[in-house]
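**Student:** mmCIF, C-alpha atoms, saved as coords-v7.cif, coming up:
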```cif
data_data
loop_
_atom_site.label_atom_id
_atom_site.label_comp_id
_atom_site.auth_asym_id
_atom_site.auth_seq_id
_atom_site.Cartn_x
_atom_site.Cartn_y
_atom_site.Cartn_z
CA MET A 1 0.00 0.00 0.00
CA ASN A 2 1.15 3.53 -0.71
CA GLY A 3 1.25 4.30 3.00
CA VAL A 4 3.23 6.76 5.04
CA HIS A 5 5.40 3.85 6.25
CA ASP A 6 6.96 3.80 2.75
CA MET A 7 9.20 6.74 3.58
CA GLY A 8 12.16 6.42 1.25
CA GLY A 9 12.73 9.73 -0.52
CA MET A 10 10.25 11.82 1.47
CA HIS A 11 11.20 15.33 2.56
CA GLY A 12 10.26 17.41 5.59
CA MET A 13 10.88 14.88 8.37
CA GLY A 14 13.64 17.01 9.89
CA PRO A 15 17.19 16.18 10.97
CA VAL A 16 18.23 12.82 12.42
CA GLN A 17 18.19 13.00 16.24
CA HIS A 18 21.15 11.02 17.58
CA GLU A 19 20.96 10.24 21.30
CA LYS A 20 24.24 9.52 23.07
CA ASN A 21 24.39 6.41 25.26
CA GLU A 22 20.84 5.52 24.36
CA PRO A 23 19.23 2.81 26.50
CA VAL A 24 17.80 -0.29 24.78
CA PHE A 25 14.34 0.69 26.03
CA HIS A 26 13.32 4.19 27.12
CA ALA A 27 10.51 3.00 29.40
CA ARG A 28 9.45 -0.32 30.90
CA TRP A 29 6.28 -0.46 28.82
CA GLU A 30 8.42 -0.46 25.66
CA ALA A 31 10.30 -3.52 26.90
CA ARG A 32 7.03 -5.28 27.79
CA VAL A 33 5.55 -4.56 24.33
CA PHE A 34 8.72 -5.82 22.65
CA ALA A 35 8.57 -9.09 24.59
CA LEU A 36 4.78 -9.51 24.33
CA ASN A 37 5.00 -9.14 20.57
CA ARG A 38 7.49 -12.03 20.36
CA ALA A 39 5.59 -14.17 22.86
CA VAL A 40 2.20 -13.90 21.12
CA GLY A 41 3.92 -14.39 17.76
CA ALA A 42 4.94 -17.85 19.02
CA TRP A 43 1.29 -18.94 18.63
CA GLY A 44 2.00 -19.02 14.89
CA LYS A 45 -1.32 -17.38 14.06
CA TRP A 46 0.32 -14.77 11.85
CA SER A 47 3.62 -14.19 10.06
CA ILE A 48 6.12 -11.36 10.45
CA ASP A 49 4.70 -10.05 7.16
CA ALA A 50 1.18 -9.83 8.59
CA SER A 51 2.61 -8.15 11.66
CA ARG A 52 4.38 -5.52 9.52
CA HIS A 53 1.19 -4.94 7.57
CA ALA A 54 -0.83 -4.49 10.77
CA LYS A 55 1.42 -1.53 11.61
CA GLU A 56 1.13 -0.13 8.09
CA LEU A 57 -2.65 0.02 8.54
CA ILE A 58 -2.34 2.52 11.38
CA PRO A 59 -3.84 5.74 9.96
CA PRO A 60 -1.00 7.96 8.65
CA ALA A 61 -1.31 10.87 11.09
CA GLU A 62 -1.37 8.39 13.95
CA TYR A 63 1.55 6.44 12.49
CA LEU A 64 3.71 9.57 12.47
CA ARG A 65 2.58 10.74 15.90
CA ILE A 66 2.85 7.69 18.14
CA PRO A 67 6.12 6.23 19.44
CA TYR A 68 7.72 3.20 17.82
CA TYR A 69 6.64 0.62 20.38
CA GLU A 70 3.12 2.01 20.47
CA LYS A 71 2.84 1.01 16.80
CA PHE A 72 3.80 -2.51 17.91
CA LEU A 73 1.13 -2.37 20.60
CA VAL A 74 -1.58 -1.29 18.16
CA GLY A 75 -0.59 -3.78 15.45
CA MET A 76 -0.27 -6.68 17.91
CA THR A 77 -3.63 -5.90 19.51
CA GLU A 78 -5.37 -5.92 16.12
CA LEU A 79 -3.80 -9.27 15.21
CA LEU A 80 -4.70 -10.76 18.59
CA VAL A 81 -8.35 -9.82 18.03
CA LYS A 82 -8.41 -10.81 14.34
CA SER A 83 -6.89 -14.21 15.07
CA GLY A 84 -9.42 -14.86 17.82
CA LEU A 85 -6.82 -15.27 20.58
CA VAL A 86 -8.62 -12.48 22.47
CA THR A 87 -11.81 -10.52 21.93
CA ARG A 88 -12.12 -6.76 21.64
CA ALA A 89 -14.17 -6.78 24.85
CA GLU A 90 -11.36 -8.58 26.66
CA VAL A 91 -8.82 -6.02 25.43
CA GLU A 92 -11.02 -3.21 26.66
CA SER A 93 -11.70 -4.73 30.08
CA GLY A 94 -8.27 -6.31 30.55
CA LYS A 95 -10.06 -9.43 31.88
CA PRO A 96 -10.71 -12.83 30.28
CA ALA A 97 -14.33 -13.41 29.26
CA ARG A 98 -16.38 -15.45 31.74
CA GLY A 99 -15.88 -19.17 31.27
CA SER A 100 -13.00 -18.81 28.79
CA LYS A 101 -10.52 -21.67 28.94
CA LYS A 102 -6.96 -21.10 30.09
CA ALA A 103 -4.38 -21.96 27.44
CA SER A 104 -0.75 -23.06 27.76
CA PRO A 105 1.70 -20.52 26.39
CA PRO A 106 3.83 -21.90 23.52
CA LEU A 107 6.81 -19.71 24.45
CA THR A 108 8.01 -20.54 27.94
CA ALA A 109 11.17 -19.12 29.48
CA ASP A 110 13.15 -22.30 28.78
CA LYS A 111 12.41 -21.94 25.04
CA VAL A 112 13.59 -18.33 24.75
CA PRO A 113 17.30 -19.14 24.19
CA LEU A 114 16.42 -21.43 21.28
CA LEU A 115 14.12 -18.82 19.71
CA VAL A 116 16.84 -16.18 20.02
CA ALA A 117 19.54 -18.50 18.66
CA THR A 118 17.63 -19.88 15.67
CA GLY A 119 15.06 -17.21 14.87
CA VAL A 120 12.41 -17.75 12.25
CA PRO A 121 14.12 -18.28 8.87
CA ALA A 122 12.27 -16.95 5.82
CA SER A 123 14.27 -18.96 3.28
CA ARG A 124 12.67 -22.05 1.77
CA ASN A 125 14.13 -25.21 0.20
CA THR A 126 11.39 -25.23 -2.45
CA PRO A 127 13.03 -25.81 -5.84
CA VAL A 128 12.03 -22.64 -7.69
CA ALA A 129 13.99 -21.51 -10.73
CA PRO A 130 15.20 -17.90 -10.70
CA LYS A 131 13.55 -15.67 -13.30
CA PHE A 132 16.56 -13.37 -13.47
CA ARG A 133 20.32 -13.83 -13.49
CA VAL A 134 23.13 -11.90 -11.86
CA GLY A 135 24.22 -9.04 -14.10
CA GLN A 136 20.86 -8.80 -15.86
CA ARG A 137 19.25 -5.39 -16.37
CA ILE A 138 15.75 -5.31 -14.96
CA ARG A 139 12.94 -2.87 -14.40
CA ALA A 140 11.09 -2.88 -11.09
CA ARG A 141 7.42 -3.29 -11.88
CA ASN A 142 5.13 -0.29 -11.62
CA ILE A 143 2.64 -1.72 -9.16
CA ASN A 144 0.50 0.09 -6.61
CA PRO A 145 -1.19 -2.64 -4.57
CA THR A 146 -3.53 -1.53 -1.78
CA GLY A 147 -2.13 -4.37 0.37
CA HIS A 148 1.34 -5.16 1.69
CA THR A 149 4.37 -4.95 -0.58
CA ARG A 150 8.11 -4.80 0.00
CA LEU A 151 8.71 -2.97 -3.27
CA PRO A 152 9.17 0.63 -2.12
CA ARG A 153 7.56 3.38 -4.17
CA TYR A 154 10.86 5.07 -4.97
CA ALA A 155 12.10 2.01 -6.88
CA ARG A 156 8.99 1.33 -8.96
CA ALA A 157 9.37 1.56 -12.74
CA LYS A 158 13.12 2.18 -12.27
CA LEU A 159 15.92 0.39 -14.10
CA GLY A 160 18.44 -1.61 -12.11
CA THR A 161 20.91 -4.47 -12.26
CA VAL A 162 20.69 -7.80 -10.46
CA GLU A 163 23.81 -7.93 -8.26
CA ARG A 164 23.24 -11.06 -6.22
CA ASP A 165 20.75 -13.92 -6.06
CA HIS A 166 20.08 -14.78 -2.40
CA GLY A 167 17.99 -17.87 -3.09
CA VAL A 168 14.35 -18.70 -2.38
CA PHE A 169 12.33 -16.83 0.26
CA VAL A 170 8.75 -16.41 1.40
CA PHE A 171 6.99 -13.67 -0.61
CA PRO A 172 5.67 -11.12 1.91
CA ASP A 173 3.23 -9.51 -0.53
CA THR A 174 1.01 -12.61 -0.44
CA ASN A 175 2.04 -14.03 2.92
CA ALA A 176 1.02 -10.87 4.79
CA HIS A 177 -2.54 -11.47 3.62
CA PHE A 178 -2.59 -15.17 4.53
CA LEU A 179 -2.57 -15.97 0.77
CA GLY A 180 0.35 -18.38 0.90
CA GLU A 181 4.13 -18.17 1.10
CA ASN A 182 4.56 -18.18 -2.68
CA PRO A 183 8.33 -18.82 -2.35
CA GLN A 184 10.57 -17.23 -4.99
CA HIS A 185 14.05 -15.81 -5.50
CA VAL A 186 15.19 -12.67 -3.73
CA TYR A 187 17.89 -10.53 -5.31
CA SER A 188 19.99 -7.55 -4.39
CA VAL A 189 19.16 -5.09 -7.14
CA ARG A 190 21.42 -2.11 -7.66
CA PHE A 191 19.77 1.14 -8.71
CA ALA A 192 21.99 4.05 -9.67
CA ALA A 193 21.19 7.02 -7.44
CA ARG A 194 20.62 9.14 -10.56
CA GLU A 195 18.11 6.62 -11.94
CA LEU A 196 16.12 7.02 -8.73
CA TRP A 197 16.57 10.72 -7.98
CA GLY A 198 17.80 12.44 -11.12
CA GLU A 199 20.63 14.88 -11.59
CA GLN A 200 20.66 16.03 -7.96
CA ALA A 201 22.15 12.68 -6.94
CA SER A 202 25.83 11.87 -7.00
CA PRO A 203 26.80 10.11 -10.27
CA GLN A 204 28.55 7.13 -8.64
CA ASP A 205 26.21 6.47 -5.68
CA ALA A 206 23.69 3.63 -5.66
CA VAL A 207 20.84 2.16 -3.64
CA TYR A 208 20.54 -1.61 -3.26
CA VAL A 209 17.05 -2.98 -2.73
CA ASN A 210 16.10 -6.59 -2.01
CA LEU A 211 13.39 -7.55 -4.46
CA TRP A 212 11.57 -10.75 -5.36
CA ASP A 213 10.92 -12.28 -8.81
CA ASP A 214 7.36 -10.93 -8.82
CA HIS A 215 8.63 -7.38 -8.35
CA LEU A 216 10.75 -7.45 -11.50
CA GLU A 217 10.51 -7.57 -15.26
CA PRO A 218 13.26 -7.78 -17.88
CA ALA A 219 14.48 -4.33 -18.96
CA MET B 1 13.90 19.00 19.70
CA ASP B 2 13.42 22.77 19.82
CA GLY B 3 10.15 24.66 20.04
CA THR B 4 10.12 25.65 16.39
CA ARG B 5 10.54 22.07 15.27
CA ARG B 6 7.81 20.86 17.62
CA GLY B 7 5.40 23.49 16.33
CA PHE B 8 6.27 22.58 12.78
CA LEU B 9 5.70 18.90 13.43
CA LYS B 10 2.36 19.61 15.06
CA ALA B 11 1.26 21.55 11.99
CA THR B 12 2.49 18.76 9.71
CA VAL B 13 0.61 16.08 11.65
CA THR B 14 -2.58 18.17 11.62
CA ALA B 15 -2.33 18.58 7.87
CA ALA B 16 -1.66 14.85 7.44
CA GLY B 17 -4.64 14.10 9.67
CA ALA B 18 -6.98 16.15 7.54
CA ALA B 19 -5.76 14.46 4.38
CA ALA B 20 -5.95 11.02 5.96
CA THR B 21 -9.63 10.95 6.87
CA PRO B 22 -10.81 8.99 3.81
CA VAL B 23 -8.10 6.36 4.30
CA HIS B 24 -9.04 5.92 7.92
CA ALA B 25 -12.71 5.62 7.00
CA GLN B 26 -11.85 3.06 4.34
CA VAL B 27 -9.72 1.03 6.73
CA ARG B 28 -12.53 0.94 9.28
CA GLY B 29 -15.04 0.10 6.57
CA GLU B 30 -13.01 -2.98 5.68
CA ASP B 31 -13.13 -4.03 9.31
CA HIS B 32 -9.40 -3.79 9.88
CA GLY B 33 -10.25 -2.31 13.25
CA TYR B 34 -8.21 0.65 14.49
CA ALA B 35 -11.34 2.16 15.99
CA GLN B 36 -10.54 5.24 18.05
CA GLN B 37 -11.23 3.54 21.38
CA ALA B 38 -8.45 1.06 20.55
CA VAL B 39 -5.98 3.93 20.61
CA PRO B 40 -6.43 5.65 23.99
CA SER B 41 -3.81 7.73 25.73
CA ASP B 42 -1.36 6.13 28.14
CA PRO B 43 0.63 3.20 26.72
CA THR B 44 1.88 2.22 30.20
CA LEU B 45 -1.63 1.41 31.39
CA ARG B 46 -2.68 -0.22 28.14
CA VAL B 47 0.36 -2.48 28.09
CA LYS B 48 -0.13 -3.44 31.74
CA SER B 49 -3.75 -4.29 31.06
CA LEU B 50 -2.95 -6.29 27.90
CA GLU B 51 -0.13 -8.19 29.59
CA SER B 52 -2.28 -9.20 32.54
CA LEU B 53 -5.06 -10.30 30.16
CA LEU B 54 -2.66 -12.42 28.11
CA VAL B 55 -1.08 -13.96 31.21
CA GLU B 56 -4.48 -14.73 32.75
CA LYS B 57 -5.63 -16.37 29.53
CA GLY B 58 -2.48 -18.48 29.46
CA LEU B 59 -1.40 -16.96 26.15
CA VAL B 60 1.98 -15.73 27.37
CA ASP B 61 4.38 -16.70 30.12
CA ARG B 62 5.68 -13.81 32.22
CA LYS B 63 9.06 -15.45 32.77
CA ALA B 64 9.48 -15.76 28.99
CA LEU B 65 8.85 -12.02 28.67
CA ASP B 66 11.46 -11.27 31.36
CA SER B 67 13.94 -13.55 29.64
CA LEU B 68 13.42 -11.90 26.22
CA ILE B 69 13.95 -8.46 27.73
CA ASP B 70 17.02 -9.56 29.66
CA THR B 71 18.49 -11.07 26.47
CA TYR B 72 18.31 -7.84 24.48
CA GLU B 73 19.13 -5.52 27.39
CA HIS B 74 22.14 -7.43 28.66
CA LYS B 75 23.31 -10.22 26.37
CA VAL B 76 22.90 -9.35 22.70
CA GLY B 77 24.27 -6.04 21.47
CA PRO B 78 26.86 -4.26 19.31
CA ARG B 79 29.79 -5.83 21.17
CA ASN B 80 28.98 -8.98 19.17
CA GLY B 81 29.35 -7.16 15.87
CA ALA B 82 32.51 -5.46 17.09
CA ARG B 83 34.11 -8.86 17.73
CA VAL B 84 33.20 -9.93 14.20
CA VAL B 85 34.73 -6.78 12.69
CA ALA B 86 37.91 -7.09 14.76
CA ARG B 87 38.28 -10.70 13.64
CA ALA B 88 37.83 -9.67 10.02
CA TRP B 89 40.52 -7.00 10.44
CA VAL B 90 43.13 -9.36 11.84
CA ASP B 91 42.26 -12.46 9.80
CA SER B 92 41.91 -11.83 6.06
CA ALA B 93 40.73 -15.39 5.39
CA TYR B 94 37.93 -14.85 7.90
CA LYS B 95 37.04 -11.56 6.23
CA GLU B 96 36.77 -13.31 2.87
CA ARG B 97 34.45 -15.93 4.35
CA LEU B 98 32.39 -13.20 6.04
CA LEU B 99 31.91 -11.26 2.80
CA ALA B 100 31.16 -14.40 0.76
CA ASN B 101 28.86 -16.17 3.23
CA ALA B 102 28.09 -14.09 6.30
CA ASP B 103 25.78 -16.66 7.92
CA ALA B 104 28.49 -19.32 8.05
CA ALA B 105 31.20 -16.89 9.14
CA LEU B 106 29.03 -15.49 11.95
CA THR B 107 28.16 -19.00 13.11
CA GLU B 108 31.92 -19.63 13.51
CA LEU B 109 31.90 -16.95 16.22
CA GLY B 110 28.59 -18.12 17.69
CA TYR B 111 26.35 -15.38 16.29
CA GLY B 112 23.09 -15.77 14.42
CA GLY B 113 19.39 -16.21 15.05
CA LEU B 114 16.40 -13.96 15.54
CA GLN B 115 16.34 -11.05 13.05
CA GLY B 116 19.70 -12.13 11.72
CA GLU B 117 18.66 -15.42 10.15
CA HIS B 118 20.02 -14.28 6.77
CA MET B 119 23.03 -11.97 7.00
CA VAL B 120 25.06 -10.04 4.44
CA ALA B 121 28.35 -8.31 5.27
CA VAL B 122 29.51 -5.34 3.19
CA GLU B 123 32.97 -3.80 3.41
CA ASN B 124 33.94 -0.15 3.54
CA SER B 125 37.13 1.02 1.88
CA SER B 126 38.74 4.27 0.79
CA LYS B 127 36.63 4.04 -2.38
CA VAL B 128 33.29 2.62 -1.16
CA HIS B 129 31.13 3.60 1.80
CA ASN B 130 28.15 1.42 2.78
CA LEU B 131 25.12 2.65 4.71
CA VAL B 132 22.22 0.50 5.98
CA VAL B 133 18.60 1.58 6.33
CA CYS B 134 15.11 0.09 6.40
CA THR B 135 12.85 2.61 4.68
CA LEU B 136 9.68 0.51 5.13
CA CYS B 137 9.97 -0.41 8.83
CA SER B 138 12.92 -1.01 11.15
CA CYS B 139 14.78 -4.13 10.01
CA TYR B 140 18.14 -4.36 11.80
CA PRO B 141 20.65 -7.18 12.46
CA TRP B 142 19.81 -8.06 16.07
CA PRO B 143 22.32 -10.89 16.66
CA VAL B 144 25.29 -8.63 15.92
CA LEU B 145 24.00 -5.15 16.85
CA GLY B 146 21.14 -5.74 19.30
CA LEU B 147 17.92 -3.77 18.98
CA PRO B 148 18.01 -0.63 16.83
CA PRO B 149 18.46 2.86 18.31
CA ASN B 150 15.63 5.36 17.94
CA TRP B 151 17.29 7.38 15.19
CA TYR B 152 17.50 4.29 12.97
CA LYS B 153 13.73 3.74 13.34
CA SER B 154 12.88 7.42 12.92
CA ALA B 155 11.19 9.10 9.97
CA PRO B 156 14.14 11.43 9.25
CA TYR B 157 16.59 8.56 8.85
CA ARG B 158 14.22 6.27 6.98
CA SER B 159 13.12 8.97 4.54
CA ARG B 160 16.45 10.62 3.75
CA SER B 161 19.07 7.87 3.77
CA VAL B 162 18.14 6.74 0.27
CA ILE B 163 17.70 10.16 -1.36
CA ASP B 164 20.38 12.11 0.51
CA PRO B 165 22.82 9.70 2.15
CA ARG B 166 25.65 12.23 2.10
CA GLY B 167 23.48 14.81 3.87
CA VAL B 168 22.51 12.27 6.53
CA LEU B 169 26.15 11.28 7.02
CA ARG B 170 27.09 14.95 7.37
CA GLU B 171 24.61 15.21 10.26
CA PHE B 172 26.50 12.34 11.90
CA GLY B 173 29.71 14.31 11.42
CA LEU B 174 30.97 12.30 8.47
CA GLU B 175 31.89 14.21 5.31
CA LEU B 176 32.68 11.93 2.39
CA SER B 177 34.67 13.14 -0.59
CA ALA B 178 32.86 13.26 -3.93
CA ASP B 179 34.90 10.41 -5.40
CA VAL B 180 33.80 7.90 -2.76
CA GLU B 181 30.96 5.67 -3.94
CA VAL B 182 28.10 5.56 -1.44
CA ARG B 183 26.11 2.33 -1.42
CA VAL B 184 22.87 2.44 0.52
CA TRP B 185 21.34 -0.92 1.48
CA ASP B 186 17.59 -0.81 1.98
CA SER B 187 16.61 -3.82 4.11
CA THR B 188 13.39 -4.66 2.27
CA ALA B 189 13.67 -8.47 2.70
CA GLU B 190 14.70 -10.77 5.55
CA LEU B 191 18.36 -10.10 4.77
CA ARG B 192 20.17 -8.10 7.42
CA TYR B 193 23.33 -6.11 6.81
CA LEU B 194 26.53 -5.68 8.77
CA VAL B 195 28.96 -3.00 7.60
CA VAL B 196 32.62 -3.90 8.07
CA PRO B 197 34.17 -0.48 8.60
CA GLU B 198 37.71 0.47 7.57
CA ARG B 199 40.41 -0.35 10.08
CA PRO B 200 41.83 2.98 11.23
CA ALA B 201 45.50 3.80 10.67
CA GLY B 202 47.77 3.58 13.69
CA THR B 203 46.17 0.41 15.08
CA GLU B 204 48.77 -2.04 13.75
CA THR B 205 50.02 -3.00 17.20
CA LEU B 206 46.63 -3.49 18.83
CA SER B 207 45.29 -6.91 19.78
CA GLU B 208 42.00 -8.26 18.45
CA GLU B 209 40.30 -7.38 21.75
CA GLN B 210 41.70 -3.84 21.70
CA LEU B 211 40.49 -3.44 18.12
CA ALA B 212 37.01 -4.69 19.04
CA ALA B 213 36.84 -1.99 21.72
CA LEU B 214 37.23 0.68 19.03
CA VAL B 215 34.37 -0.56 16.86
CA THR B 216 31.13 1.34 17.44
CA ARG B 217 27.57 0.42 16.63
CA ASP B 218 27.27 3.44 14.35
CA SER B 219 30.28 2.36 12.30
CA MET B 220 28.62 -1.02 11.69
CA VAL B 221 25.44 0.67 10.40
CA GLY B 222 27.63 2.89 8.23
CA VAL B 223 26.91 6.31 9.75
CA ALA B 224 30.41 6.69 11.23
CA LYS B 225 34.00 5.66 10.71
CA VAL B 226 36.06 3.92 13.36
CA SER B 227 38.47 6.19 15.16
CA ALA B 228 41.85 4.97 16.45
CA SER B 229 41.10 6.43 19.87
CA PRO B 230 38.00 5.11 21.66
CA ALA B 231 37.43 8.53 23.26
CA GLY B 232 36.72 10.01 19.86
CA ALA B 233 34.13 7.35 19.08
CA LYS B 234 30.41 7.96 19.19
CA SER B 235 28.21 5.51 21.06
#
```
Take the structure in this file and express it as structure tokens.
**Tutor:**
Amino acid sequence: MNGVHDMGGMHGMGPVQHEKNEPVFHARWEARVFALNRAVGAWGKWSIDASRHAKELIPPAEYLRIPYYEKFLVGMTELLVKSGLVTRAEVESGKPARGSKKASPPLTADKVPLLVATGVPASRNTPVAPKFRVGQRIRARNINPTGHTRLPRYARAKLGTVERDHGVFVFPDTNAHFLGENPQHVYSVRFAARELWGEQASPQDAVYVNLWDDHLEPA
Amino acid sequence: MDGTRRGFLKATVTAAGAAATPVHAQVRGEDHGYAQQAVPSDPTLRVKSLESLLVEKGLVDRKALDSLIDTYEHKVGPRNGARVVARAWVDSAYKERLLANADAALTELGYGGLQGEHMVAVENSSKVHNLVVCTLCSCYPWPVLGLPPNWYKSAPYRSRSVIDPRGVLREFGLELSADVEVRVWDSTAELRYLVVPERPAGTETLSEEQLAALVTRDSMVGVAKVSASPAGAKS
């Protein structure tokens, strides 16, 4: 979706604010949201792609206004309700509905080290042939889906070169909508800065974007 | 943030809010939720309430939450990445392995896992400067750098790094000459990037551990160079 989350190339956001000796979390609630997000994710009811999309759906003014971990809180709450793990009424009251059964959490403390050490790989062993080869000139497709996509606006319809084939990965554009993993090749595509931004850009600079087969067409 | 900037931001958000009404209405119409009552004021209270609900329902385990927080507050952070960089500086064979297959090379040192399942290492030199961003969200290589700092997740960094990397670097105090090629890596997939900064001159006699102490988080994102004196280094 052409949302405000797709920020590459926007102006007017001000200077970068660098904080010296920044703590990992600025408040305890941030730490709790961070951990809750991982712990409820362990139910496997939604993918990381769906969780990114849930944050993208936050209305734009709200998205820009609220702090980072509040976006996590909003997105996670929506997914919890959508997936049926909790009801809206339970979120509002903070109490389980009468007679609701108590579950067993899938992520217990003893399983945290394994989760941290192995993560959740997005690569797949599915034998899918690459549609493009390293060195090939490509054009990023000019698509404007209303749903989730990892093809940023600034790269659409631009010419680039395939620099590296990373192998087969889950395709977020379908997976975010529970429409299947649709595994396909992911590439590092090099776009000359001038192709993206015109004469104002430095002639030798470049932006590398990771794109999937379905984002590309031969140049 | 100064008063002028705050006032400006407020005006910007108001304008965005006015323009956004149809989108919001559409989103609600499609039953994606995000009703106003789901976004009340104080996150502290809302988080407390949600956590106690989830614990009571048996959906999450409080000790698992504590353990996750402890991991990223105390165990996993940029010191990991610094050890990788120092090793690459002293061992050219290791550096070659790191640049060719970062996952395997990081595993050699015991690093990998959550939000670093698929790693790529890129090397800075006198001719090439690499800079990492995630314009769409906040993707960042947790196993080697820990959780991202606020500036990395912020709108200014996400918006400008791709269109004006040299301007962003200047704000970090790094002026690159025109003949250096700037490569910006936008983390749009599940690949996470580690920048191997240039080894500073005058560090020939230092041990691997002493070198690791010089390597900053910012240098491994690509917004700073490594200085030969740790005092001159940014956090």
**Student:** Could you please select, counting all atoms listed in the file, the residues of chain B within 7 Å of chain A and state them as a PyMOL selection string?
**Tutor:** chain B and resi 13+16-17+20+24+33-34+43-44+47+49-50+52-53+56-61+63-65+67-69+73+112-115+117+135-137+147+151+155-160+162-163+181-190+235
**Student:** Compare B:Val215, B:Leu169, B:Val84, B:Val221 by their minimum atom-to-atom distance to Tyr111 of chain B, counting only C-alpha atoms, and give me the closest one.
**Tutor:** B:Val84
**Student:** For Pro130 of chain A, which residue out of A:His148, A:Arg98, A:His185, A:Arg164 is the nearest one, using all atoms listed in the file?
**Tutor:**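 For Pro130 of chain A, the nearest of the given residues is A:His185.
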**Student:** So, with all atoms listed in the file as the atoms that count, which of A:Lys45, A:Thr126, A:His215, A:Lys158 lies closest to Gly84 of chain A?
**Tutor:**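 Answer, going by the shortest atom-to-atom distance: A:Lys45.
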**Student:** Provide the atom CA of Ala50 of chain A to atom CA of His177 of chain A distance in Å, to one decimal place.
**Tutor:**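 These atoms are spaced 6.4 Å apart.
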**Student:** Which residues, named as in the file, does the PyMOL selection byres ((chain A and resi 128) around 9) pick out? Answer as a PDB file with C-alpha atoms, keeping the file's coordinate frame.
**Tutor:**
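Saved to selection_26.pdb:
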```pdb
ATOM      1  CA  ASN A 125      14.130 -25.210   0.200  1.00  0.00           C
ATOM      2  CA  THR A 126      11.390 -25.230  -2.450  1.00  0.00           C
ATOM      3  CA  PRO A 127      13.030 -25.810  -5.840  1.00  0.00           C
ATOM      4  CA  ALA A 129      13.990 -21.510 -10.730  1.00  0.00           C
ATOM      5  CA  PRO A 130      15.200 -17.900 -10.700  1.00  0.00           C
ATOM      6  CA  GLY A 167      17.990 -17.870  -3.090  1.00  0.00           C
ATOM      7  CA  VAL A 168      14.350 -18.700  -2.380  1.00  0.00           C
ATOM      8  CA  PRO A 183       8.330 -18.820  -2.350  1.00  0.00           C
ATOM      9  CA  GLN A 184      10.570 -17.230  -4.990  1.00  0.00           C
ATOM     10  CA  HIS A 185      14.050 -15.810  -5.500  1.00  0.00           C
TER      11      HIS A 185
END
```
**Student:** Counting only C-alpha atoms, select every polymer residue within 7 Å of (33.8, -10.0, 2.8) as defined in the file's coordinates, and provide the selection as a ChimeraX atom specification.
**Tutor:** /B:95-100,121-123
**Student:** Between atom CA of Leu211 of chain B and atom CA of Val226 of chain B, what is the spacing in Å?
**Tutor:**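 We find that atom CA of Val226 of chain B and atom CA of Leu211 of chain B lie 9.8 Å from each other.
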**Student:** To one decimal place, how far is atom CA of Gly81 of chain B from atom CA of Tyr193 of chain B in Å?
**Tutor:**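 Value for the atom CA of Gly81 of chain B-atom CA of Tyr193 of chain B distance: 10.9 Å.
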**Student:** Using the chain letters and numbers from this file, what does the PyMOL selection byres ((chain A and resi 157) around 9) select? Give the answer as an NGL selection string.
**Tutor:** :A and (139-143 or 153-156 or 158-159)
**Student:** Could you list, as a list in words, every residue within 8 Å of Val134 of chain A, counting all atoms listed in the file and ignoring same-chain residues fewer than 6 positions away?
**Tutor:**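 Neighbouring residues, sequence-local ones excluded: Thr161, Val162, Glu163, Arg164 and Asp165 of chain A.
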